[in-house]
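Structure first, commentary second.
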Amino acid sequence: MKLDILLGLQWGDEGKGKVVDYLAPKYDVVARFQGGPNAGHTLEFDGIKHVLHQIPSGIFRKDIKNIIGNGVVLDPVIFKKEIEALAKYNLDVFANLFISKKAQLIIPTHRLLDAAYEVAKGKKKIGSTLKGIGPAYQDKIARQGLRVGDIVLPSFKKKYQKLVESHERILGFYKSEYELKQLETDFFESIKFLKKFELIESEYAVNDELSNGSKVLAEGAQGSLLDVDFGSYPYVTSSNTTASGACSGLGVAPNKIGEVFGIFKAYCTRVGGGPFPTELFDEDGKLMQKEGNEFGATTGRPRRCGWLDLPALKYAIMINGVTQLFMMKADVLNVFKKIKVCTGYKMEDGRIIDIMPYEIVEEKIEPILIEMEGWSTSLEGVDEFEKFPEQLRNYVYYLEQELNVPINMVSIGPDRTQTVIRGQVLAHQ
Ligand code: GDP
Ligand code: IMO
Ligand code: MG
């Protein structure tokens, strides 16, 4: 079998958790390949609302294996809390959740460094989730990080101490005041807890599953426009959030990739700093934030809101090789009489372009917007595409024509059941 990938095409929070949970029964394995506790993936079903950060969103489906891959940066303290928060659901997490020995560990000083770096950036701060993501990936690339497999080594504490000392030299420079001792007590307790899980060579596990005919879904975190190479650098996260990240983050070869599901909101949001050409600062923006309940699932921060951005979406489709699109949160636009879509950008020198420009961070870019009729009606209970109001169907047809990729799912509410399938989502069924 081939590996299917599901990822966000915008700045994160597109609704990945909901869709992975929805699709999970069609799969045998769900695997995370990058990111870490900066992610917040919300699942809603049977009156339950639950946010996952590092644990794959297949965890609520009992027969599914969940794998945290080598490309992930794992915070054991947050991991322990996440597992404890699942206790009430009676899931057999020890049987269904496996962690790559090659995943990197986030240690307490990574979080302190994240905060210190943000303070040092002043007005140009990234708006990091402050979970230690950047510093942990920095140590990975500098070839001095600690990996999950290290926790069973007799030399683990010594290795840990050496890394902390290198961090303390930098933190001292920022004169950060902190209580490392308490953080370390929690950390080592969580390391003990982590040892109860099966630590695996996930690249073998995933490839064996594929060879044996299992269906594996890779669950992206963050969004394509936060990718460290292709996002609005430096206002990005520190990993490759795009499809190639699934290859390196799980050890799966490019010729083993099947479907690439690209998911996007019917509008745009962004949390943290950085350019956002279609951002709204008016009543429409406030209404979008209210209707979409646009507050971060990890930090609770309000998300910035704006109209759908086609040049940005086309760019993400190109980089990822998206084969199917899923449009999320269509219901949030129910209240808008007119819906706008950005079709190009006007640059400072007056040039009009329809690509994602390198200058996006430095220049003030004006969006060129077209206007479409809204549907101004509730989508409650609608379960077929053909029953959608005509204006919503037209919105979907227009986007498909522009993007040249079929929109095979439209989500009309946060619950598992509020999902309208159109076309053939899973060719291998
Ligand atoms: P993720 O990070 O991509 O998994 O997305 P988040 O969970 O951070 O944010 C998506 C939010 O939108 C969550 O609160 C979801 O419950 C909610 N959501 C997902 N799909 C829909 C939808 O179609 N309509 C509405 N109204 N909410 C949705
Ligand atoms: P999910 O998986 C939205 C943003 C942060 C910040 C930038 C860098 O829920 O879609 P980091 O903590 O990675 O150093 O922050 O990236 N960011 C996200 N925004 N959704 C996420 O994840 C995000 N993960 C990071 O707000 O702007
Ligand atoms: Mg999220």
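Residue numbering restarts at 1 in every chain; chains get A, B, ... in the order shown in the structure tokens, and ligands count up from 1 in that same order.
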Give me the chain A side of the contact with ligand 2, cut-off 7 Å, one line per residue showing its nearest atom pair and distance in Å at one decimal, counting only C-alpha atoms and all ligand atoms, sorted by chain and residue number, as a Markdown table.
| residue | atom | partner | partner_atom_place_in_ligand_line | distance |
| --- | --- | --- | --- | --- |
| A:Trp11 | CA | ligand 2 | 3 (C) | 5.8 |
| A:Gly12 | CA | ligand 2 | 10 (O) | 3.3 |
| A:Asp13 | CA | ligand 2 | 10 (O) | 3.8 |
| A:Glu14 | CA | ligand 2 | 10 (O) | 6.4 |
| A:Asn38 | CA | ligand 2 | 24 (N) | 4.5 |
| A:Ala39 | CA | ligand 2 | 2 (O) | 3.6 |
| A:Gly40 | CA | ligand 2 | 9 (O) | 3.8 |
| A:His41 | CA | ligand 2 | 9 (O) | 5.2 |
| A:Ile126 | CA | ligand 2 | 27 (O) | 5.5 |
| A:Gly127 | CA | ligand 2 | 27 (O) | 4.6 |
| A:Ser128 | CA | ligand 2 | 15 (O) | 3.5 |
| A:Thr129 | CA | ligand 2 | 12 (O) | 3.7 |
| A:Leu130 | CA | ligand 2 | 12 (O) | 5.4 |
| A:Lys131 | CA | ligand 2 | 12 (O) | 5.8 |
| A:Gly132 | CA | ligand 2 | 12 (O) | 6.9 |
| A:Ile133 | CA | ligand 2 | 14 (O) | 5.2 |
| A:Gly134 | CA | ligand 2 | 14 (O) | 5.2 |
| A:Ala221 | CA | ligand 2 | 2 (O) | 3.6 |
| A:Gln222 | CA | ligand 2 | 10 (O) | 3.6 |
| A:Gly223 | CA | ligand 2 | 10 (O) | 5.8 |
| A:Leu226 | CA | ligand 2 | 16 (O) | 6.0 |
| A:Tyr235 | CA | ligand 2 | 7 (C) | 6.2 |
| A:Val236 | CA | ligand 2 | 7 (C) | 5.0 |
| A:Thr237 | CA | ligand 2 | 13 (O) | 3.9 |
| A:Ser238 | CA | ligand 2 | 13 (O) | 6.1 |
| A:Arg270 | CA | ligand 2 | 19 (N) | 6.4 |
| A:Val271 | CA | ligand 2 | 26 (O) | 4.6 |
| A:Gly272 | CA | ligand 2 | 27 (O) | 3.7 |
| A:Gly273 | CA | ligand 2 | 27 (O) | 5.4 |
| A:Ala297 | CA | ligand 2 | 9 (O) | 6.7 |
- Message: If you run DSSP on the backbone here, which positions in segment 223-413 of chain A get strand (DSSP E)? Please write them as a ChimeraX atom specification.
- Response: /A:257-265,268-270,304-306,308-309,324-328,338-346,352-353,366-373,407-411
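Atom CA of Gly306 of chain A is positioned 5.1 Å from atom CA of Thr278 of chain A.
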Contacts of Pro25 of chain A within 10 Å, only C-alpha atoms, excl. fewer than 4 positions in-chain, as a short mmCIF file (atom, residue, chain, number, x, y, z; two decimals) with all heavy atoms, in the first residue's frame:
data_model
loop_
_atom_site.label_atom_id
_atom_site.label_comp_id
_atom_site.auth_asym_id
_atom_site.auth_seq_id
_atom_site.Cartn_x
_atom_site.Cartn_y
_atom_site.Cartn_z
N VAL A 20 -8.83 13.85 10.38
CA VAL A 20 -8.10 12.60 10.64
C VAL A 20 -8.99 11.66 11.46
O VAL A 20 -9.10 10.47 11.16
CB VAL A 20 -6.75 12.87 11.37
CG1 VAL A 20 -6.10 11.55 11.78
CG2 VAL A 20 -5.82 13.64 10.45
N ASP A 21 -9.64 12.20 12.46
CA ASP A 21 -10.55 11.39 13.28
C ASP A 21 -11.67 10.81 12.42
O ASP A 21 -12.05 9.64 12.55
CB ASP A 21 -11.11 12.27 14.40
CG ASP A 21 -12.29 11.63 15.10
OD1 ASP A 21 -12.08 10.58 15.75
OD2 ASP A 21 -13.42 12.17 14.99
N VAL A 29 -3.32 2.58 10.50
CA VAL A 29 -2.28 3.31 11.26
C VAL A 29 -2.42 4.81 10.98
O VAL A 29 -2.66 5.20 9.85
CB VAL A 29 -0.86 2.86 10.80
CG1 VAL A 29 0.22 3.60 11.59
CG2 VAL A 29 -0.68 1.35 10.92
N GLY A 58 -5.84 9.46 15.60
CA GLY A 58 -6.53 8.18 15.46
C GLY A 58 -6.74 7.51 16.82
O GLY A 58 -7.31 6.42 16.89
N ARG A 61 -10.04 5.80 18.00
CA ARG A 61 -10.57 4.65 17.26
C ARG A 61 -9.80 3.43 17.74
O ARG A 61 -8.58 3.33 17.54
CB ARG A 61 -10.37 4.87 15.76
CG ARG A 61 -10.93 6.20 15.25
CD ARG A 61 -12.42 6.18 15.16
NE ARG A 61 -12.95 7.25 14.33
CZ ARG A 61 -14.20 7.30 13.92
NH1 ARG A 61 -15.06 6.37 14.26
NH2 ARG A 61 -14.62 8.30 13.18
N LYS A 62 -10.52 2.50 18.33
CA LYS A 62 -9.87 1.45 19.12
C LYS A 62 -8.92 0.51 18.38
O LYS A 62 -7.95 0.04 18.95
CB LYS A 62 -10.95 0.64 19.86
CG LYS A 62 -11.67 1.50 20.89
CD LYS A 62 -12.15 0.73 22.08
CE LYS A 62 -12.29 1.65 23.27
NZ LYS A 62 -13.51 2.10 23.71
N ASP A 63 -9.19 0.24 17.10
CA ASP A 63 -8.36 -0.76 16.42
C ASP A 63 -7.20 -0.14 15.64
O ASP A 63 -6.59 -0.81 14.82
CB ASP A 63 -9.22 -1.58 15.44
CG ASP A 63 -10.35 -2.25 16.18
OD1 ASP A 63 -10.09 -2.72 17.30
OD2 ASP A 63 -11.48 -2.27 15.67
N ILE A 64 -6.94 1.10 15.89
CA ILE A 64 -5.93 1.79 15.06
C ILE A 64 -4.63 1.99 15.82
O ILE A 64 -4.64 2.36 16.99
CB ILE A 64 -6.50 3.12 14.59
CG1 ILE A 64 -7.60 2.83 13.58
CG2 ILE A 64 -5.44 4.02 14.00
CD1 ILE A 64 -8.30 4.02 13.11
#
- Taking only C-alpha atoms and all ligand atoms into account, which residues are within 7 Å of ligand 1, as number ranges by chain? A: 8, 12-18, 39-44, 51, 221-222, 292-293, 296-297, 328-332, 411-415, 418
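With only C-alpha atoms and all ligand atoms as the atoms that count, the residue of A:Ser232, A:Tyr117, A:Phe261, A:Thr299 with the shortest distance to ligand 3 is A:Thr299.
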- Task: May I have the residues within 10 Å of Phe33 of chain A as a count of residues only, using only C-alpha atoms and disregarding those fewer than 5 positions away in the same chain?
- Result: 25
- Expected answer as a ChimeraX atom specification: helix (DSSP H, G or I) residues in segment 231-424 of chain A: /A:243-250,254-256,283-291,310-320,330-335,358-360,385-387,390-403
- For Phe193 of chain A, please output as an NGL selection string all residues within 10 Å (counting only C-alpha atoms; exclusion window: fewer than 6 positions along the same chain). :A and (76-77 or 79-80 or 83 or 187)
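You will find atom CA of Leu7 of chain A at 11.7 Å from atom 1 (Mg, counted along the ligand's line) of ligand 3.
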- Item | Who sits within 8 Å of Met1 of chain A, only C-alpha atoms, same chain under 5 positions skipped, as a PyMOL selection string | chain A and resi 210-215+256
- Query: Which neighbours of segment 359-370 of chain A fall inside 10 Å, counting only C-alpha atoms, when residues of the same chain fewer than 4 positions from it are skipped, and could you give them as a ChimeraX atom specification?
  - Reply: /A:231-235,274-279,307-311,338-350,352-354
Okay, now the selection with N, CA, C and O atoms, as a short mmCIF file (atom, residue, chain, number, x, y, z; two decimals), in the first residue's frame?
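And here's again_20.cif as it stands now:
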data_model
loop_
_atom_site.label_atom_id
_atom_site.label_comp_id
_atom_site.auth_asym_id
_atom_site.auth_seq_id
_atom_site.Cartn_x
_atom_site.Cartn_y
_atom_site.Cartn_z
N GLY A 231 7.33 28.72 3.93
CA GLY A 231 6.45 29.67 4.60
C GLY A 231 7.03 31.07 4.57
O GLY A 231 8.06 31.33 3.93
N SER A 232 6.36 31.99 5.25
CA SER A 232 6.79 33.40 5.24
C SER A 232 7.92 33.58 6.26
O SER A 232 7.73 34.18 7.31
N TYR A 233 9.08 33.03 5.92
CA TYR A 233 10.27 33.03 6.77
C TYR A 233 10.67 34.45 7.14
O TYR A 233 10.64 35.31 6.26
N PRO A 234 11.01 34.78 8.35
CA PRO A 234 11.19 33.90 9.51
C PRO A 234 9.93 33.62 10.32
O PRO A 234 10.01 33.00 11.38
N TYR A 235 8.77 34.09 9.85
CA TYR A 235 7.53 33.88 10.62
C TYR A 235 6.95 32.50 10.30
O TYR A 235 5.91 32.37 9.64
N GLY A 274 3.60 37.76 11.50
CA GLY A 274 3.89 37.42 10.11
C GLY A 274 2.84 37.91 9.15
O GLY A 274 1.72 38.24 9.53
N PRO A 275 3.22 37.98 7.84
CA PRO A 275 2.33 38.54 6.83
C PRO A 275 1.07 37.72 6.60
O PRO A 275 1.08 36.50 6.73
N PHE A 276 0.01 38.43 6.27
CA PHE A 276 -1.30 37.81 6.05
C PHE A 276 -2.04 38.76 5.12
O PHE A 276 -2.78 39.64 5.58
N PRO A 277 -1.81 38.64 3.79
CA PRO A 277 -2.31 39.64 2.85
C PRO A 277 -3.82 39.90 2.92
O PRO A 277 -4.25 41.04 2.72
N THR A 278 -4.63 38.90 3.19
CA THR A 278 -6.09 39.13 3.15
C THR A 278 -6.69 39.42 4.53
O THR A 278 -7.90 39.39 4.71
N GLU A 279 -5.82 39.68 5.49
CA GLU A 279 -6.32 39.90 6.87
C GLU A 279 -7.35 41.03 6.91
O GLU A 279 -7.20 42.07 6.26
N TRP A 307 -10.09 36.80 4.22
CA TRP A 307 -10.70 36.06 3.12
C TRP A 307 -9.75 35.02 2.55
O TRP A 307 -8.54 35.09 2.76
N LEU A 308 -10.30 34.09 1.82
CA LEU A 308 -9.52 33.02 1.19
C LEU A 308 -8.51 33.62 0.20
O LEU A 308 -8.83 34.54 -0.54
N ASP A 309 -7.31 33.07 0.21
CA ASP A 309 -6.20 33.61 -0.57
C ASP A 309 -5.79 32.58 -1.62
O ASP A 309 -5.10 31.60 -1.32
N LEU A 310 -6.22 32.81 -2.87
CA LEU A 310 -5.96 31.80 -3.92
C LEU A 310 -4.48 31.66 -4.32
O LEU A 310 -4.01 30.54 -4.46
N PRO A 311 -3.72 32.78 -4.48
CA PRO A 311 -2.30 32.58 -4.81
C PRO A 311 -1.61 31.74 -3.74
O PRO A 311 -0.79 30.86 -4.06
N LYS A 338 -21.99 38.76 1.24
CA LYS A 338 -21.02 38.70 0.14
C LYS A 338 -19.76 38.00 0.64
O LYS A 338 -19.34 38.24 1.78
N ILE A 339 -19.19 37.18 -0.23
CA ILE A 339 -17.96 36.48 0.13
C ILE A 339 -16.86 36.93 -0.82
O ILE A 339 -17.08 37.02 -2.03
N LYS A 340 -15.70 37.24 -0.23
CA LYS A 340 -14.62 37.72 -1.09
C LYS A 340 -13.52 36.67 -1.19
O LYS A 340 -13.31 35.87 -0.26
N VAL A 341 -12.82 36.71 -2.33
CA VAL A 341 -11.71 35.78 -2.56
C VAL A 341 -10.57 36.58 -3.18
O VAL A 341 -10.79 37.38 -4.10
N CYS A 342 -9.36 36.34 -2.69
CA CYS A 342 -8.19 37.05 -3.22
C CYS A 342 -7.65 36.28 -4.43
O CYS A 342 -7.36 35.08 -4.33
N THR A 343 -7.52 36.98 -5.56
CA THR A 343 -7.07 36.30 -6.79
C THR A 343 -5.66 36.73 -7.19
O THR A 343 -5.08 36.17 -8.11
N GLY A 344 -5.13 37.77 -6.54
CA GLY A 344 -3.78 38.24 -6.88
C GLY A 344 -3.33 39.26 -5.86
O GLY A 344 -4.09 39.63 -4.95
N TYR A 345 -2.07 39.72 -6.02
CA TYR A 345 -1.54 40.71 -5.08
C TYR A 345 -1.05 41.93 -5.87
O TYR A 345 -0.45 41.78 -6.94
N LYS A 346 -1.27 43.11 -5.27
CA LYS A 346 -0.67 44.32 -5.83
C LYS A 346 0.55 44.64 -4.98
O LYS A 346 0.43 44.83 -3.76
N MET A 347 1.72 44.70 -5.63
CA MET A 347 2.96 44.95 -4.91
C MET A 347 3.15 46.45 -4.72
O MET A 347 2.46 47.26 -5.36
N GLU A 348 4.13 46.84 -3.91
CA GLU A 348 4.36 48.26 -3.60
C GLU A 348 4.65 49.08 -4.86
O GLU A 348 4.27 50.24 -4.96
N ASP A 349 5.31 48.45 -5.86
CA ASP A 349 5.63 49.19 -7.09
C ASP A 349 4.49 49.15 -8.12
O ASP A 349 4.66 49.55 -9.25
N GLY A 350 3.34 48.66 -7.72
CA GLY A 350 2.17 48.66 -8.59
C GLY A 350 2.00 47.39 -9.41
O GLY A 350 0.98 47.17 -10.05
N ILE A 352 1.10 43.71 -10.53
CA ILE A 352 0.07 42.78 -10.07
C ILE A 352 0.54 41.36 -10.36
O ILE A 352 0.93 41.05 -11.49
N ILE A 353 0.55 40.53 -9.35
CA ILE A 353 1.07 39.17 -9.52
C ILE A 353 0.07 38.17 -8.95
O ILE A 353 -0.82 38.53 -8.17
N ASP A 354 0.22 36.90 -9.37
CA ASP A 354 -0.67 35.88 -8.79
C ASP A 354 0.14 34.71 -8.23
O ASP A 354 -0.31 33.58 -8.19
#
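Going from atom CA of Ile106 of chain A to atom CA of Ala136 of chain A covers 5.7 Å.
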